[in-house]
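**Q** Handing you this structure, nothing more for now.
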Amino acid sequence: MTSTSTPPGLARFNTLEEHAAHAALHEVCASSAWARRLLAARPYATAEDLYAASDAAMADLTAEDLAEAMAGHPPIGRPKPGDPASAREQRGMAGASEELKAEMLELNLAYQERFGHVFLICATGRTGEQMRDAAKERIGNPPEREREIVRTELGKINRIRLARLVEEEA
């Protein structure tokens, strides 16, 4: 008989009081609709069940829900003070040259002007150059295509952040 142990963070998340669980999910994603959907499906037997629920909730977000989720993300290269998740995820920009940082700032502003929200990319493991190149490539996308790319990128970010929550020791 095989024993499958629930990761410590998942066991804790499953038993958190509703308000505390909502706050934990808000640290992962700023979308209220996404968080409500994940809360409603508790408890989760496995981390994969939680990730699947996150993916399904992400797929169902409206344009307004996506805007709410994106509002929780700072521009690439400018993580919010006191936001260790964004700083960790954007580590690829930390050692970037001043020239690259300035170029990324210009691209962020142009992107925001075009689409009305921050340039969003799953920055974990990417270099500053890769993020810049992605911004340059995506700025020419039609808004509908870009919205779906953002949805995919948010889903990747949510999975990484949920994995951290699930594995977290007390």
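By convention here, the chains of the structure tokens are called A, B, ... in the order presented, each chain's residues are numbered starting at 1, and ligands are numbered starting at 1 in the order presented.
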With only C-alpha atoms as the counted atoms, please give the residues lying no more than 9 Å from Pro7 in chain A, apart from itself and same-chain residues fewer than 6 positions off, as a list in words.

**A**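 My reading of the contact set: Thr46, Ala47, Val166, Glu167, Glu168 and Glu169 of chain A.
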
**Q** Give me the residues of range 69-101 of chain A that have any atom at most 6 Å from an atom of range 121-142 of chain A; for each, the nearest atom pair and the distance in Å, rounded to one decimal. Use only C-alpha atoms, sort by chain and number, and format it as a Markdown table.

**A**
```
| residue | atom | partner | partner_atom | distance |
| --- | --- | --- | --- | --- |
| A:Glu89 | CA | A:Thr124 | CA | 4.6 |
| A:Gln90 | CA | A:Ala123 | CA | 5.5 |
| A:Gly92 | CA | A:Thr127 | CA | 4.3 |
| A:Met93 | CA | A:Gly128 | CA | 4.6 |
```

**Q** Keeping N, CA and C atoms for every residue in the selection just given, could you write it to a file as a PDB file, in the first residue's frame?

**A**
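Saved result, out-v4.pdb, follows:
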```
ATOM      1  N   GLU A  89      10.683  36.716  -8.436  1.00  0.00           N
ATOM      2  CA  GLU A  89      10.311  36.327  -9.800  1.00  0.00           C
ATOM      3  C   GLU A  89      11.033  37.175 -10.846  1.00  0.00           C
ATOM      4  N   GLN A  90      11.293  38.422 -10.528  1.00  0.00           N
ATOM      5  CA  GLN A  90      11.926  39.328 -11.488  1.00  0.00           C
ATOM      6  C   GLN A  90      13.443  39.405 -11.302  1.00  0.00           C
ATOM      7  N   GLY A  92      15.779  38.206 -12.784  1.00  0.00           N
ATOM      8  CA  GLY A  92      16.505  38.362 -14.041  1.00  0.00           C
ATOM      9  C   GLY A  92      16.799  39.803 -14.401  1.00  0.00           C
ATOM     10  N   MET A  93      16.030  40.740 -13.844  1.00  0.00           N
ATOM     11  CA  MET A  93      16.273  42.162 -14.102  1.00  0.00           C
ATOM     12  C   MET A  93      17.217  42.775 -13.069  1.00  0.00           C
TER      13      MET A  93
END
```

**Q** Excluding Gly155 in chain A and its own-chain neighbours fewer than 5 positions away, which residues fall within 12 Å of it when counting only C-alpha atoms? Please give them as a PyMOL selection string.

**A** chain A and resi 28-29+31+34+51-61+66+69-70+120-122+148-150+160-162

**Q** Could you check how far CA of Leu25 in chain A sits from CA of Pro43 in chain A, in Å to one decimal?

**A**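 Result for CA of Leu25 in chain A versus CA of Pro43 in chain A: 13.9 Å, one decimal.
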
**Q** Write down as a ChimeraX atom specification the residues of range 69-161 of chain A whose backbone DSSP state falls under alpha helix (DSSP H).

**A** /A:69-70,84-89,91-94,98-115,128-138,143-161

**Q** Using only C-alpha atoms, find the one residue out of A:His19, A:His26, A:Lys80, A:Lys101 that sits nearest to Leu165 in chain A.

**A** A:His26

**Q** Just the residues within 12 Å of Glu27 in chain A, please, counting only C-alpha atoms, with nothing from its chain fewer than 5 positions along; format it as a PyMOL selection string.

**A** chain A and resi 20-22+32+35+69+72-73+83-86+157-158+160-162+164-165

**Q** Next, write the just-selected residues to a file, as a compact mmCIF listing (two decimals), in the first residue's frame, keeping N, CA and C atoms as the atom set.

**A**
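To be explicit, this is the file written out as again12.txt:
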```txt
# COMPACT_ATOMS: atom_id res chain seq x y z
N ALA A 20 -8.51 33.83 6.20
CA ALA A 20 -7.07 33.59 6.10
C ALA A 20 -6.73 32.89 4.78
N ALA A 21 -7.56 31.96 4.36
CA ALA A 21 -7.33 31.27 3.08
C ALA A 21 -7.47 32.24 1.92
N HIS A 22 -8.45 33.13 2.01
CA HIS A 22 -8.63 34.14 0.96
C HIS A 22 -7.41 35.06 0.90
N SER A 32 -10.39 38.42 -7.38
CA SER A 32 -11.36 37.92 -6.38
C SER A 32 -12.13 36.72 -6.91
N ALA A 35 -9.96 33.63 -6.66
CA ALA A 35 -9.84 33.20 -5.27
C ALA A 35 -11.13 32.54 -4.77
N ALA A 69 -6.64 40.96 -11.69
CA ALA A 69 -5.47 40.12 -11.43
C ALA A 69 -4.19 40.85 -11.82
N GLY A 72 -2.44 43.51 -9.57
CA GLY A 72 -1.61 43.04 -8.48
C GLY A 72 -0.16 42.84 -8.85
N HIS A 73 0.20 43.11 -10.10
CA HIS A 73 1.57 42.87 -10.57
C HIS A 73 2.26 44.19 -10.92
N ASP A 83 7.53 43.43 -1.52
CA ASP A 83 6.86 42.35 -2.26
C ASP A 83 7.93 41.32 -2.65
N PRO A 84 8.22 40.37 -1.73
CA PRO A 84 9.29 39.41 -2.01
C PRO A 84 8.98 38.49 -3.21
N ALA A 85 7.71 38.20 -3.46
CA ALA A 85 7.37 37.32 -4.59
C ALA A 85 7.78 37.96 -5.91
N SER A 86 7.38 39.22 -6.12
CA SER A 86 7.73 39.90 -7.38
C SER A 86 9.24 40.08 -7.50
N ILE A 157 2.30 32.01 -13.51
CA ILE A 157 2.69 32.67 -12.27
C ILE A 157 1.92 32.09 -11.09
N ASN A 158 0.61 31.90 -11.27
CA ASN A 158 -0.22 31.34 -10.19
C ASN A 158 0.25 29.96 -9.79
N ILE A 160 3.29 28.70 -10.01
CA ILE A 160 4.55 28.83 -9.27
C ILE A 160 4.28 29.30 -7.84
N ARG A 161 3.42 30.28 -7.70
CA ARG A 161 3.11 30.80 -6.37
C ARG A 161 2.31 29.80 -5.54
N LEU A 162 1.41 29.06 -6.17
CA LEU A 162 0.66 28.03 -5.45
C LEU A 162 1.60 26.91 -4.99
N ARG A 164 4.65 27.20 -4.14
CA ARG A 164 5.35 27.72 -2.97
C ARG A 164 4.44 27.64 -1.74
N LEU A 165 3.17 27.99 -1.89
CA LEU A 165 2.20 27.93 -0.80
C LEU A 165 2.02 26.48 -0.31
```

**Q** So how many Å separate CA of Ala94 in chain A and CA of Ala30 in chain A, to one decimal?

**A**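 Separation between CA of Ala94 in chain A and CA of Ala30 in chain A: 24.0 Å.
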
**Q** CA of Leu38 in chain A to CA of Pro74 in chain A: how many Å, to one decimal?

**A**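 Value for the CA of Leu38 in chain A-CA of Pro74 in chain A distance: 23.5 Å.
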
**Q** Choose the residue, out of A:Ala110, A:Ala23, A:Ala11, A:Ala163, that has the smallest atom-to-atom separation from Tyr44 in chain A; count only C-alpha atoms.

**A** A:Ala11

**Q** Could you tell me which of A:Ala45, A:Leu16, A:Ala40, A:Ala33 comes closest to Thr62 in chain A if we count only C-alpha atoms?

**A**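 Between A:Ala45, A:Leu16, A:Ala40, A:Ala33, the residue approaching Thr62 in chain A most closely is A:Ala33.
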